>>> print(open('data.txt').read())   # compact mmCIF, C-alpha atoms and all ligand atoms
# COMPACT_ATOMS: atom_id res chain seq x y z
CA MET A 1 0.00 0.00 0.00
CA PRO A 2 1.78 3.19 -1.12
CA ASP A 3 2.19 5.71 1.64
CA LEU A 4 0.27 8.90 0.82
CA ASN A 5 0.89 10.73 4.09
CA PRO A 6 -0.81 14.13 3.75
CA ASP A 7 1.85 15.96 5.74
CA ARG A 8 4.42 14.57 3.38
CA ALA A 9 2.25 15.65 0.45
CA ALA A 10 2.66 19.21 1.66
CA LEU A 11 6.36 18.77 0.90
CA GLY A 12 5.70 17.62 -2.65
CA TRP A 13 5.20 13.90 -2.00
CA ASN A 14 2.82 12.32 -4.51
CA PRO A 15 1.77 8.89 -5.88
CA TRP A 16 4.84 8.84 -8.15
CA PHE A 17 7.21 8.98 -5.19
CA ALA A 18 5.04 6.61 -3.18
CA GLU A 19 5.40 4.07 -5.96
CA GLN A 20 9.17 4.67 -6.13
CA ALA A 21 9.37 4.16 -2.38
CA ARG A 22 7.42 0.93 -2.64
CA LEU A 23 9.99 -0.34 -5.12
CA HIS A 24 13.19 0.94 -3.52
CA CYS A 25 12.72 1.49 0.23
CA GLY A 26 13.21 -1.19 2.83
CA PRO A 27 10.37 -1.87 5.28
CA ALA A 28 12.08 0.03 8.10
CA ASP A 29 13.05 3.01 5.92
CA THR A 30 11.28 6.31 5.83
CA ALA A 31 11.16 8.83 2.98
CA ALA A 32 12.43 12.39 3.34
CA ARG A 33 13.23 15.33 1.12
CA VAL A 34 16.73 16.77 0.77
CA THR A 35 16.87 20.43 1.79
CA SER A 36 20.62 20.83 1.46
CA VAL A 37 23.78 18.93 0.71
CA ASP A 38 27.11 19.80 2.22
CA ARG A 39 29.72 17.38 0.95
CA GLY A 40 28.77 14.00 2.47
CA TRP A 41 26.17 15.48 4.83
CA LEU A 42 22.56 15.96 3.92
CA VAL A 43 19.82 17.84 5.70
CA LEU A 44 16.52 16.06 5.29
CA LEU A 45 12.96 17.10 5.94
CA ASN A 46 9.78 15.09 6.31
CA GLU A 47 6.62 15.12 8.39
CA THR A 48 8.67 14.44 11.51
CA GLY A 49 10.88 17.49 11.05
CA VAL A 50 14.43 18.30 10.01
CA PHE A 51 17.30 15.89 10.55
CA ARG A 52 20.76 15.11 9.27
CA ALA A 53 21.91 12.09 7.36
CA GLN A 54 24.83 10.66 5.46
CA LEU A 55 24.92 8.57 2.32
CA SER A 56 25.15 4.86 3.09
CA GLY A 57 28.25 3.01 1.92
CA ASN A 58 26.10 1.12 -0.57
CA LEU A 59 24.75 4.26 -2.16
CA LEU A 60 28.20 5.85 -2.26
CA HIS A 61 29.45 2.77 -4.03
CA SER A 62 26.63 2.40 -6.54
CA ALA A 63 26.16 6.09 -7.31
CA ARG A 64 29.51 6.90 -8.87
CA ALA A 65 28.28 9.67 -11.18
CA ALA A 66 27.63 13.01 -9.49
CA ALA A 67 24.16 13.16 -11.00
CA ALA A 68 23.26 9.84 -9.35
CA ARG A 69 23.83 11.28 -5.87
CA PRO A 70 21.06 13.10 -3.99
CA CYS A 71 20.83 16.84 -4.48
CA VAL A 72 18.54 19.52 -3.08
CA GLY A 73 14.90 18.70 -3.80
CA ASP A 74 15.42 14.94 -4.06
CA TRP A 75 13.36 12.39 -2.19
CA VAL A 76 15.41 9.65 -0.54
CA CYS A 77 14.85 6.50 1.51
CA VAL A 78 16.54 6.79 4.83
CA ALA A 79 17.19 4.47 7.73
CA ARG A 80 16.74 6.64 10.79
CA ALA A 81 18.89 6.95 13.85
CA GLY A 82 21.72 4.52 14.20
CA ALA A 83 23.81 4.63 17.36
CA ASP A 84 25.05 8.08 16.37
CA GLY A 85 21.52 9.37 15.93
CA PHE A 86 21.96 10.35 12.29
CA GLY A 87 20.04 9.00 9.34
CA SER A 88 21.65 6.85 6.67
CA VAL A 89 20.44 7.42 3.12
CA GLN A 90 19.74 4.06 1.48
CA ALA A 91 18.32 5.00 -1.91
CA LEU A 92 17.54 7.90 -4.18
CA LEU A 93 13.99 7.96 -5.53
CA GLU A 94 13.70 8.56 -9.23
CA ARG A 95 13.32 12.24 -10.07
CA GLN A 96 10.18 13.67 -11.61
CA THR A 97 11.99 16.71 -12.91
CA SER A 98 15.57 17.88 -12.76
CA LEU A 99 17.54 21.02 -13.32
CA ARG A 100 21.04 20.25 -14.43
CA ARG A 101 23.93 21.78 -16.23
CA LYS A 102 25.82 19.85 -18.80
CA ALA A 103 29.43 20.14 -17.83
CA ALA A 104 31.86 19.91 -20.69
CA GLY A 105 34.14 16.90 -20.93
CA ALA A 106 34.27 13.90 -18.68
CA VAL A 107 32.54 15.51 -15.72
CA GLY A 108 29.15 14.76 -17.23
CA GLU A 109 26.00 16.26 -15.89
CA GLN A 110 25.81 18.25 -12.72
CA MET A 111 22.57 18.41 -10.78
CA ILE A 112 21.38 21.79 -9.59
CA ALA A 113 18.03 20.83 -8.11
CA ALA A 114 15.53 17.97 -8.37
CA ASN A 115 11.77 17.69 -8.35
CA VAL A 116 11.23 21.35 -9.07
CA ASP A 117 7.76 22.08 -10.45
CA CYS A 118 8.53 25.51 -11.78
CA VAL A 119 11.81 27.19 -12.64
CA ILE A 120 11.65 30.97 -12.56
CA VAL A 121 14.22 32.40 -14.94
CA VAL A 122 15.14 35.83 -13.65
CA GLN A 123 16.59 38.67 -15.70
CA SER A 124 16.83 42.30 -14.71
CA CYS A 125 15.20 44.62 -17.21
CA HIS A 126 17.85 47.17 -16.37
CA TYR A 127 21.08 45.83 -17.90
CA ASP A 128 20.72 42.10 -17.80
CA PHE A 129 17.95 41.45 -20.33
CA ASN A 130 19.21 39.18 -23.12
CA LEU A 131 16.92 37.11 -25.31
CA LYS A 132 19.56 34.58 -26.43
CA ARG A 133 20.55 33.83 -22.85
CA LEU A 134 16.90 33.59 -21.87
CA GLU A 135 16.40 31.00 -24.59
CA ARG A 136 19.35 28.97 -23.32
CA TYR A 137 17.86 28.91 -19.84
CA LEU A 138 14.45 27.94 -21.19
CA THR A 139 15.98 25.07 -23.16
CA MET A 140 17.61 23.76 -20.02
CA VAL A 141 14.40 24.02 -18.05
CA ALA A 142 12.49 22.20 -20.79
CA GLU A 143 15.09 19.41 -20.88
CA GLY A 144 14.56 18.80 -17.18
CA GLY A 145 10.77 18.72 -17.44
CA ALA A 146 9.87 21.65 -15.17
CA THR A 147 7.53 24.49 -16.12
CA PRO A 148 9.31 27.76 -16.93
CA TRP A 149 8.28 31.24 -15.88
CA ILE A 150 10.14 34.39 -16.81
CA LEU A 151 10.64 37.13 -14.26
CA LEU A 152 11.88 40.60 -15.11
CA THR A 153 13.20 42.46 -12.05
CA LYS A 154 14.25 46.03 -11.24
CA THR A 155 11.29 47.56 -13.09
CA ASP A 156 11.85 50.66 -10.94
CA LEU A 157 15.02 51.43 -12.90
CA VAL A 158 13.55 51.62 -16.41
CA ALA A 159 10.62 53.27 -18.12
CA PRO A 160 7.52 51.07 -18.55
CA GLU A 161 8.00 51.15 -22.34
CA ILE A 162 11.36 49.40 -21.94
CA VAL A 163 9.72 46.52 -20.06
CA GLU A 164 6.91 46.39 -22.63
CA GLY A 165 9.53 46.25 -25.39
CA GLN A 166 11.32 43.35 -23.69
CA ILE A 167 8.08 41.43 -23.29
CA ALA A 168 7.32 42.09 -26.96
CA GLU A 169 10.76 40.69 -27.83
CA ILE A 170 10.05 37.58 -25.76
CA ARG A 171 6.67 37.06 -27.44
CA GLY A 172 8.19 37.87 -30.82
CA ALA A 173 10.61 34.97 -30.33
CA GLY A 174 7.62 32.64 -29.87
CA ILE A 175 8.17 32.12 -26.15
CA ALA A 176 4.82 31.41 -24.48
CA ALA A 177 5.94 31.09 -20.84
CA PRO A 178 4.28 33.42 -18.35
CA VAL A 179 6.20 36.67 -17.93
CA LEU A 180 6.11 38.43 -14.57
CA ARG A 181 7.72 41.69 -13.66
CA LEU A 182 8.52 43.20 -10.30
CA SER A 183 10.61 45.60 -8.32
CA ASN A 184 12.14 44.68 -4.98
CA VAL A 185 12.40 48.40 -4.29
CA THR A 186 8.84 49.60 -4.95
CA HIS A 187 7.40 46.07 -4.38
CA GLU A 188 5.32 46.48 -7.51
CA GLY A 189 4.52 42.98 -8.83
CA ILE A 190 5.51 41.06 -5.69
CA ASP A 191 1.92 40.37 -4.62
CA GLU A 192 1.16 38.99 -8.04
CA LEU A 193 4.13 36.62 -7.88
CA GLN A 194 3.18 35.55 -4.37
CA ARG A 195 -0.36 34.76 -5.47
CA MET A 196 0.99 32.47 -8.17
CA LEU A 197 3.01 30.32 -5.74
CA VAL A 198 0.97 27.19 -5.00
CA PRO A 199 1.27 25.32 -1.68
CA GLY A 200 3.07 21.98 -2.05
CA GLN A 201 4.78 23.07 -5.28
CA THR A 202 8.52 23.69 -5.54
CA TYR A 203 9.99 26.74 -7.23
CA CYS A 204 13.60 27.41 -8.11
CA PHE A 205 14.98 30.81 -9.08
CA VAL A 206 17.81 30.94 -11.60
CA GLY A 207 19.56 33.83 -13.30
CA SER A 208 22.74 35.83 -13.40
CA SER A 209 24.33 37.22 -10.32
CA GLY A 210 22.95 40.58 -9.23
CA VAL A 211 19.50 40.40 -10.79
CA GLY A 212 17.83 40.43 -7.37
CA LYS A 213 17.13 36.76 -6.58
CA SER A 214 18.34 36.83 -2.98
CA THR A 215 16.55 40.10 -2.26
CA LEU A 216 13.35 38.61 -3.64
CA ILE A 217 13.63 35.29 -1.81
CA ASN A 218 14.41 37.03 1.47
CA GLY A 219 11.31 39.14 0.90
CA LEU A 220 9.22 36.03 0.25
CA ILE A 221 10.54 34.38 3.42
CA GLY A 222 9.84 37.59 5.30
CA HIS A 223 13.29 37.89 6.80
CA ALA A 224 16.91 37.38 5.82
CA GLN A 225 17.84 33.72 5.22
CA GLN A 226 18.65 32.30 8.59
CA GLU A 227 21.09 29.59 9.30
CA THR A 228 19.00 26.70 10.53
CA LYS A 229 19.78 24.44 13.44
CA THR A 230 19.29 20.78 12.81
CA VAL A 231 19.43 17.93 15.24
CA SER A 232 20.16 14.27 14.95
CA GLY A 233 17.44 11.67 14.49
CA SER A 234 17.17 11.07 18.24
CA GLY A 235 17.14 14.78 18.93
CA GLU A 236 20.26 14.46 21.01
CA GLY A 237 23.10 14.48 18.53
CA ARG A 238 25.51 17.25 17.80
CA HIS A 239 23.73 20.51 16.95
CA THR A 240 25.08 22.02 13.80
CA THR A 241 24.16 25.03 11.81
CA VAL A 242 23.67 24.64 8.11
CA ARG A 243 22.19 26.81 5.48
CA ARG A 244 18.87 25.44 4.32
CA GLU A 245 18.39 25.65 0.60
CA LEU A 246 14.87 24.34 0.24
CA ILE A 247 12.61 26.64 2.18
CA VAL A 248 8.93 26.21 2.97
CA LEU A 249 7.19 29.59 2.73
CA ALA A 250 4.39 30.62 5.06
CA ASN A 251 1.75 29.75 2.45
CA GLY A 252 3.21 26.25 1.96
CA ALA A 253 4.96 26.82 -1.36
CA MET A 254 8.62 25.80 -1.42
CA VAL A 255 11.50 27.74 -2.89
CA ILE A 256 14.97 26.50 -3.60
CA ASP A 257 17.71 29.00 -3.11
CA ASN A 258 21.00 27.22 -3.56
CA PRO A 259 24.62 27.78 -4.48
CA GLY A 260 23.88 25.67 -7.53
CA MET A 261 22.06 28.66 -8.90
CA ARG A 262 25.36 30.39 -8.99
CA GLU A 263 26.86 27.49 -10.89
CA PHE A 264 23.91 27.65 -13.23
CA GLY A 265 24.71 31.33 -13.60
CA LEU A 266 28.17 30.34 -14.74
CA LEU A 267 26.73 29.00 -17.93
CA ASP A 268 25.88 32.44 -19.08
CA ALA A 269 28.84 34.27 -17.60
CA GLU A 270 30.57 34.38 -20.96
CA ALA A 271 27.42 35.35 -22.80
CA GLY A 272 26.77 37.99 -20.15
CA LEU A 273 30.23 39.36 -20.57
CA ALA A 274 29.85 39.50 -24.31
CA GLY A 275 26.27 40.72 -24.25
CA GLY A 276 25.15 42.63 -21.18
CA PHE A 277 28.54 44.18 -20.59
CA ALA A 278 29.46 45.32 -24.06
CA ASP A 279 29.80 48.88 -22.71
CA ILE A 280 32.52 47.81 -20.29
CA LEU A 281 34.33 45.67 -22.86
CA ALA A 282 34.23 48.71 -25.17
CA LEU A 283 36.19 50.73 -22.61
CA ALA A 284 38.78 48.04 -21.97
CA PRO A 285 41.02 48.85 -24.99
CA GLN A 286 41.63 52.28 -23.46
CA CYS A 287 43.06 50.79 -20.27
CA LYS A 288 46.78 51.31 -19.79
CA PHE A 289 47.53 47.61 -19.36
CA ASN A 290 46.59 44.97 -21.87
CA ASN A 291 45.70 42.47 -19.15
CA CYS A 292 43.81 44.99 -17.02
CA THR A 293 41.22 43.32 -14.79
CA HIS A 294 39.53 46.70 -14.08
CA VAL A 295 39.77 46.15 -10.34
CA SER A 296 42.58 48.42 -9.15
CA GLU A 297 45.06 48.95 -11.99
CA PRO A 298 46.38 52.46 -12.65
CA GLY A 299 45.19 53.95 -15.93
CA CYS A 300 42.07 51.76 -16.01
CA ALA A 301 39.48 53.33 -18.31
CA VAL A 302 36.65 51.37 -16.71
CA LEU A 303 37.48 52.61 -13.20
CA ALA A 304 37.83 56.12 -14.61
CA ALA A 305 34.36 55.91 -16.12
CA VAL A 306 32.96 54.75 -12.78
CA SER A 307 34.63 57.67 -10.98
CA ALA A 308 33.41 60.10 -13.64
CA GLY A 309 29.89 58.77 -13.21
CA THR A 310 29.54 57.81 -16.88
CA LEU A 311 29.46 54.11 -15.93
CA ASP A 312 26.93 52.96 -13.33
CA ARG A 313 28.65 51.57 -10.25
CA GLY A 314 26.07 48.84 -9.72
CA HIS A 315 26.50 47.73 -13.30
CA TYR A 316 30.27 47.70 -12.84
CA ASP A 317 29.93 45.68 -9.60
CA ASN A 318 27.83 43.13 -11.45
CA PHE A 319 30.50 42.90 -14.13
CA LEU A 320 33.15 42.14 -11.51
CA LYS A 321 30.93 39.51 -9.92
CA LEU A 322 30.36 37.82 -13.24
CA ALA A 323 34.01 38.00 -14.20
CA ARG A 324 34.90 36.38 -10.88
CA GLU A 325 32.32 33.65 -11.43
CA ALA A 326 33.53 33.02 -14.93
CA LYS A 327 37.00 32.44 -13.57
CA LEU A 328 36.47 30.86 -10.22
CA GLY A 329 33.22 28.99 -10.35
CA ALA A 330 32.80 25.57 -8.88
CA LEU A 331 34.59 23.88 -11.74
CA SER A 332 37.12 21.12 -11.95
CA PRO A 333 40.68 22.45 -12.29
CA ALA A 334 40.74 21.48 -15.98
CA GLU A 335 37.40 23.18 -16.62
CA LYS A 336 38.60 26.21 -14.71
CA ARG A 337 41.70 26.52 -16.87
CA LYS A 338 39.56 26.16 -19.98
CA LYS A 339 37.14 28.84 -18.79
CA GLU A 340 39.96 31.20 -17.95
CA ARG A 341 41.45 30.77 -21.38
CA ALA A 342 38.04 31.33 -23.00
CA PHE A 343 37.50 34.43 -20.88
CA GLY A 344 40.95 35.77 -21.83
CA ARG A 345 40.24 35.16 -25.51
CA LEU A 346 36.88 36.87 -25.23
CA VAL A 347 38.38 39.97 -23.70
CA LYS A 348 41.21 39.96 -26.25
CA SER A 349 38.87 39.62 -29.21
CA ALA A 350 36.64 42.34 -27.79
CA LYS A 351 39.73 44.57 -27.72
CA LYS A 352 40.72 43.65 -31.26
CA ASP A 353 37.24 44.40 -32.59
CA ARG A 354 37.39 48.05 -31.58
N1 LIG A 401 16.74 49.10 -8.12
C1 LIG A 401 16.59 47.84 -7.76
N2 LIG A 401 17.62 47.18 -7.18
C2 LIG A 401 17.44 45.89 -6.82
C3 LIG A 401 16.22 45.20 -7.06
N3 LIG A 401 16.37 43.93 -6.62
C4 LIG A 401 17.62 43.82 -6.14
N4 LIG A 401 18.27 44.99 -6.25
C5 LIG A 401 19.67 45.28 -5.88
O1 LIG A 401 20.50 44.56 -6.77
C6 LIG A 401 21.66 44.05 -6.10
C7 LIG A 401 21.76 42.56 -6.31
O2 LIG A 401 20.65 41.93 -5.69
P1 LIG A 401 20.72 40.43 -5.16
O3 LIG A 401 19.40 40.09 -4.57
O4 LIG A 401 21.92 40.21 -4.31
O5 LIG A 401 20.94 39.64 -6.53
P2 LIG A 401 21.13 38.07 -6.74
O6 LIG A 401 20.45 37.76 -8.00
O7 LIG A 401 20.70 37.34 -5.54
O8 LIG A 401 22.67 37.94 -6.91
P3 LIG A 401 23.62 36.76 -6.36
O9 LIG A 401 23.37 36.65 -4.89
O10 LIG A 401 25.00 37.22 -6.68
O11 LIG A 401 23.20 35.52 -7.12
C8 LIG A 401 21.50 44.46 -4.65
O12 LIG A 401 22.24 45.63 -4.44
C9 LIG A 401 20.02 44.74 -4.50
O13 LIG A 401 19.74 45.68 -3.50
C10 LIG A 401 15.15 45.93 -7.69
O14 LIG A 401 14.06 45.41 -7.95
N5 LIG A 401 15.40 47.23 -8.02
ZN ZN A 402 40.80 48.47 -16.89
>>> encode(input="data.txt", output="structure tokens")
Amino acid sequence: MPDLNPDRAALGWNPWFAEQARLHCGPADTAARVTSVDRGWLVLLNETGVFRAQLSGNLLHSARAAAARPCVGDWVCVARAGADGFGSVQALLERQTSLRRKAAGAVGEQMIAANVDCVIVVQSCHYDFNLKRLERYLTMVAEGGATPWILLTKTDLVAPEIVEGQIAEIRGAGIAAPVLRLSNVTHEGIDELQRMLVPGQTYCFVGSSGVGKSTLINGLIGHAQQETKTVSGSGEGRHTTVRRELIVLANGAMVIDNPGMREFGLLDAEAGLAGGFADILALAPQCKFNNCTHVSEPGCAVLAAVSAGTLDRGHYDNFLKLAREAKLGALSPAEKRKKERAFGRLVKSAKKDR
């Protein structure tokens, strides 16, 4: 008899997972949802509360590929409370949807989040809007089976006609996904987004650094993301603080706010540098040094433009963030070297083009 516990249903449990559990869980196991992963440690949540667990030796052995290991949003079978009070994850239940990035080379696929109902692709209508990049995100969402929404942020910084023009561009490209717009400053549009979040459904926000995801999520939670205390299965184990990544909102909808989003953002770092930051790349040839990073070098034309007020400081800060991500993201050393070379070439070719 599949277990259709209603309190578990509030966390996204459904007949699909119940059937998976029937096939893969032992009689003494219980099912729980992964709210965060920190190396070998997982924080799990089910109708009994939050508790910590580790992957069992069996699972570690059988799940060699990174994508076969539990990630945030996954449902797992767990044997609760051994002598140490922690859970031991026995099996990963098959995913209904997934959000993953295809890493180049041998690394294979990297999971960002699992069992997400709706992925909200966020772009700022101020500097960040880029149709090509939007399409790349939408392709990835579609491949993983989740429903896409598009969210344009920072509407307070542009005239309404600009936003209308961007929406027209989106529709002109044949994209039918819902488009929402909001400002975290004036709060225009936030109520509408909140009304669209359905209890028991899981939402994940993705988009470049600096578009306002954290500000928005903190607003939805109602306070700044708190570090959450978790306890062992018996309630007595070591208390540890970990950052929860899957968060249940007051209305029962769940949002995933995870470092993976930043990795996802990496995908478009190069595109963002070439697209959204063309103005900064256009200044670069005027810098004194060929290899100027526009951080602190003397004779830097970009820094000069920021000081002179002809280049927006926030826009410049976002450029630095993206440049840093492009170089130092969570990549394998080989990938990192490749990215750095690609970034160098991009900057060089941008210089040559002028
Ligand atoms: N004017 C304006 N500024 C905003 C808005 N939303 C966020 N910001 C500002 O934009 C900057 C970046 O916002 P974040 O919420 O940190 O952006 P993020 O997408 O979470 O970026 P990462 O944490 O790097 O992934 C901050 O300085 C915010 O105060 C908005 O709607 N309007
Ligand atoms: Zn410079």
>>> residues_near_ligand(input="data.txt", ligand="ligand ZN 402 (chain A)", cutoff="12 Å", atoms="only C-alpha atoms and all ligand atoms", output="PyMOL selection string")
chain A and resi 280-306+316+320+347+351
>>> axis_aligned_box(input="data.txt", around="ligand LIG 401 (chain A)", padding_each_side="3 Å", output="lines of an AutoDock Vina configuration file")
center_x = 19.5
center_y = 42.3
center_z = -5.8
size_x = 16.9
size_y = 19.6
size_z = 10.6
>>> residues_near_ligand(input="data.txt", ligand="ligand LIG 401 (chain A)", cutoff="9 Å", atoms="all atoms listed in the file", output="ChimeraX atom specification")
/A:122-124,126,152-157,182-188,205-218,259,261-262,265,314,318,321-322
>>> write_last_selection(input="data.txt", atoms="C-alpha atoms", output="PDB file, in the frame of the given file")
ATOM      1  CA  VAL A 122      15.140  35.830 -13.650  1.00  0.00           C
ATOM      2  CA  GLN A 123      16.590  38.670 -15.700  1.00  0.00           C
ATOM      3  CA  SER A 124      16.830  42.300 -14.710  1.00  0.00           C
ATOM      4  CA  HIS A 126      17.850  47.170 -16.370  1.00  0.00           C
ATOM      5  CA  LEU A 152      11.880  40.600 -15.110  1.00  0.00           C
ATOM      6  CA  THR A 153      13.200  42.460 -12.050  1.00  0.00           C
ATOM      7  CA  LYS A 154      14.250  46.030 -11.240  1.00  0.00           C
ATOM      8  CA  THR A 155      11.290  47.560 -13.090  1.00  0.00           C
ATOM      9  CA  ASP A 156      11.850  50.660 -10.940  1.00  0.00           C
ATOM     10  CA  LEU A 157      15.020  51.430 -12.900  1.00  0.00           C
ATOM     11  CA  LEU A 182       8.520  43.200 -10.300  1.00  0.00           C
ATOM     12  CA  SER A 183      10.610  45.600  -8.320  1.00  0.00           C
ATOM     13  CA  ASN A 184      12.140  44.680  -4.980  1.00  0.00           C
ATOM     14  CA  VAL A 185      12.400  48.400  -4.290  1.00  0.00           C
ATOM     15  CA  THR A 186       8.840  49.600  -4.950  1.00  0.00           C
ATOM     16  CA  HIS A 187       7.400  46.070  -4.380  1.00  0.00           C
ATOM     17  CA  GLU A 188       5.320  46.480  -7.510  1.00  0.00           C
ATOM     18  CA  PHE A 205      14.980  30.810  -9.080  1.00  0.00           C
ATOM     19  CA  VAL A 206      17.810  30.940 -11.600  1.00  0.00           C
ATOM     20  CA  GLY A 207      19.560  33.830 -13.300  1.00  0.00           C
ATOM     21  CA  SER A 208      22.740  35.830 -13.400  1.00  0.00           C
ATOM     22  CA  SER A 209      24.330  37.220 -10.320  1.00  0.00           C
ATOM     23  CA  GLY A 210      22.950  40.580  -9.230  1.00  0.00           C
ATOM     24  CA  VAL A 211      19.500  40.400 -10.790  1.00  0.00           C
ATOM     25  CA  GLY A 212      17.830  40.430  -7.370  1.00  0.00           C
ATOM     26  CA  LYS A 213      17.130  36.760  -6.580  1.00  0.00           C
ATOM     27  CA  SER A 214      18.340  36.830  -2.980  1.00  0.00           C
ATOM     28  CA  THR A 215      16.550  40.100  -2.260  1.00  0.00           C
ATOM     29  CA  LEU A 216      13.350  38.610  -3.640  1.00  0.00           C
ATOM     30  CA  ILE A 217      13.630  35.290  -1.810  1.00  0.00           C
ATOM     31  CA  ASN A 218      14.410  37.030   1.470  1.00  0.00           C
ATOM     32  CA  PRO A 259      24.620  27.780  -4.480  1.00  0.00           C
ATOM     33  CA  MET A 261      22.060  28.660  -8.900  1.00  0.00           C
ATOM     34  CA  ARG A 262      25.360  30.390  -8.990  1.00  0.00           C
ATOM     35  CA  GLY A 265      24.710  31.330 -13.600  1.00  0.00           C
ATOM     36  CA  GLY A 314      26.070  48.840  -9.720  1.00  0.00           C
ATOM     37  CA  ASN A 318      27.830  43.130 -11.450  1.00  0.00           C
ATOM     38  CA  LYS A 321      30.930  39.510  -9.920  1.00  0.00           C
ATOM     39  CA  LEU A 322      30.360  37.820 -13.240  1.00  0.00           C
TER      40      LEU A 322
END
>>> residues_around(input="data.txt", residues="region 31-37 of chain A", least_positions_apart="3", cutoff="7 Å", atoms="all atoms listed in the file", output="list in words")
Trp41, Leu42, Val43, Leu44, Leu45, Asn46, Cys71, Val72, Gly73, Asp74, Trp75, Val76, Cys77, Val78, Arg244, Glu245 and Leu246 of chain A
>>> residues_around(input="data.txt", residues="region 112-121 of chain A", least_positions_apart="2", cutoff="9 Å", atoms="all atoms listed in the file", output="ChimeraX atom specification")
/A:12,70-75,95-101,110,123,134,137-138,141,144-152,201-207,255-256,258-261,263-264
>>> residues_around(input="data.txt", residues="region 18-21 of chain A", least_positions_apart="2", cutoff="10 Å", atoms="all atoms listed in the file", output="number ranges by chain")
A: 1-5, 13-16, 23-27, 29-31, 75-77, 91-95
>>> write_last_selection(input="data.txt", atoms="C-alpha atoms", output="mmCIF file, in the frame of the given file")
data_model
loop_
_atom_site.group_PDB
_atom_site.id
_atom_site.type_symbol
_atom_site.label_atom_id
_atom_site.label_comp_id
_atom_site.auth_asym_id
_atom_site.auth_seq_id
_atom_site.Cartn_x
_atom_site.Cartn_y
_atom_site.Cartn_z
ATOM 1 C CA MET A 1 0.000 0.000 0.000
ATOM 2 C CA PRO A 2 1.780 3.190 -1.120
ATOM 3 C CA ASP A 3 2.190 5.710 1.640
ATOM 4 C CA LEU A 4 0.270 8.900 0.820
ATOM 5 C CA ASN A 5 0.890 10.730 4.090
ATOM 6 C CA TRP A 13 5.200 13.900 -2.000
ATOM 7 C CA ASN A 14 2.820 12.320 -4.510
ATOM 8 C CA PRO A 15 1.770 8.890 -5.880
ATOM 9 C CA TRP A 16 4.840 8.840 -8.150
ATOM 10 C CA LEU A 23 9.990 -0.340 -5.120
ATOM 11 C CA HIS A 24 13.190 0.940 -3.520
ATOM 12 C CA CYS A 25 12.720 1.490 0.230
ATOM 13 C CA GLY A 26 13.210 -1.190 2.830
ATOM 14 C CA PRO A 27 10.370 -1.870 5.280
ATOM 15 C CA ASP A 29 13.050 3.010 5.920
ATOM 16 C CA THR A 30 11.280 6.310 5.830
ATOM 17 C CA ALA A 31 11.160 8.830 2.980
ATOM 18 C CA TRP A 75 13.360 12.390 -2.190
ATOM 19 C CA VAL A 76 15.410 9.650 -0.540
ATOM 20 C CA CYS A 77 14.850 6.500 1.510
ATOM 21 C CA ALA A 91 18.320 5.000 -1.910
ATOM 22 C CA LEU A 92 17.540 7.900 -4.180
ATOM 23 C CA LEU A 93 13.990 7.960 -5.530
ATOM 24 C CA GLU A 94 13.700 8.560 -9.230
ATOM 25 C CA ARG A 95 13.320 12.240 -10.070
#
>>> atom_distance(input="data.txt", atom1="CA of Asp279 (chain A)", atom2="CA of Ala168 (chain A)")
23.9 Å
>>> closest_residue(input="data.txt", among="A:Ala68, A:Leu249, A:Leu131, A:Ala79", to="Met111 (chain A)", atoms="only C-alpha atoms")
A:Ala68
>>> atom_distance(input="data.txt", atom1="CA of Gly200 (chain A)", atom2="CA of Ala253 (chain A)")
5.2 Å
>>> closest_residue(input="data.txt", among="A:Thr48, A:Gln166, A:Thr139, A:Gln90", to="Ser62 (chain A)", atoms="only C-alpha atoms")
A:Gln90
>>> atom_distance(input="data.txt", atom1="CA of Gly165 (chain A)", atom2="CA of Ala278 (chain A)")
20.0 Å
>>> closest_residue(input="data.txt", among="A:Gly57, A:Phe17, A:Val158, A:Val50", to="Ile247 (chain A)", atoms="only C-alpha atoms")
A:Val50
>>> closest_residue(input="data.txt", among="A:Leu11, A:Arg69, A:Ala142, A:Leu55", to="Met254 (chain A)", atoms="all atoms listed in the file")
A:Leu11
>>> build_atoms(input="data.txt", residues="region 121-127 of chain A", atoms="N, CA and C atoms", output="tab-separated table (two decimals), in the coordinates of the input")
chain	number	residue	atom	x	y	z
A	121	VAL	N	13.01	31.85	-14.34
A	121	VAL	CA	14.22	32.40	-14.94
A	121	VAL	C	14.18	33.92	-14.76
A	122	VAL	N	15.16	34.42	-14.02
A	122	VAL	CA	15.14	35.83	-13.65
A	122	VAL	C	16.14	36.62	-14.48
A	123	GLN	N	15.69	37.70	-15.07
A	123	GLN	CA	16.59	38.67	-15.70
A	123	GLN	C	16.17	40.05	-15.21
A	124	SER	N	17.14	40.93	-15.06
A	124	SER	CA	16.83	42.30	-14.71
A	124	SER	C	16.54	43.05	-16.00
A	125	CYS	N	15.49	43.88	-15.98
A	125	CYS	CA	15.20	44.62	-17.21
A	125	CYS	C	16.11	45.84	-17.33
A	126	HIS	N	16.98	46.00	-16.33
A	126	HIS	CA	17.85	47.17	-16.37
A	126	HIS	C	19.02	46.98	-17.34
A	127	TYR	N	19.93	46.05	-17.00
A	127	TYR	CA	21.08	45.83	-17.90
A	127	TYR	C	21.15	44.39	-18.38
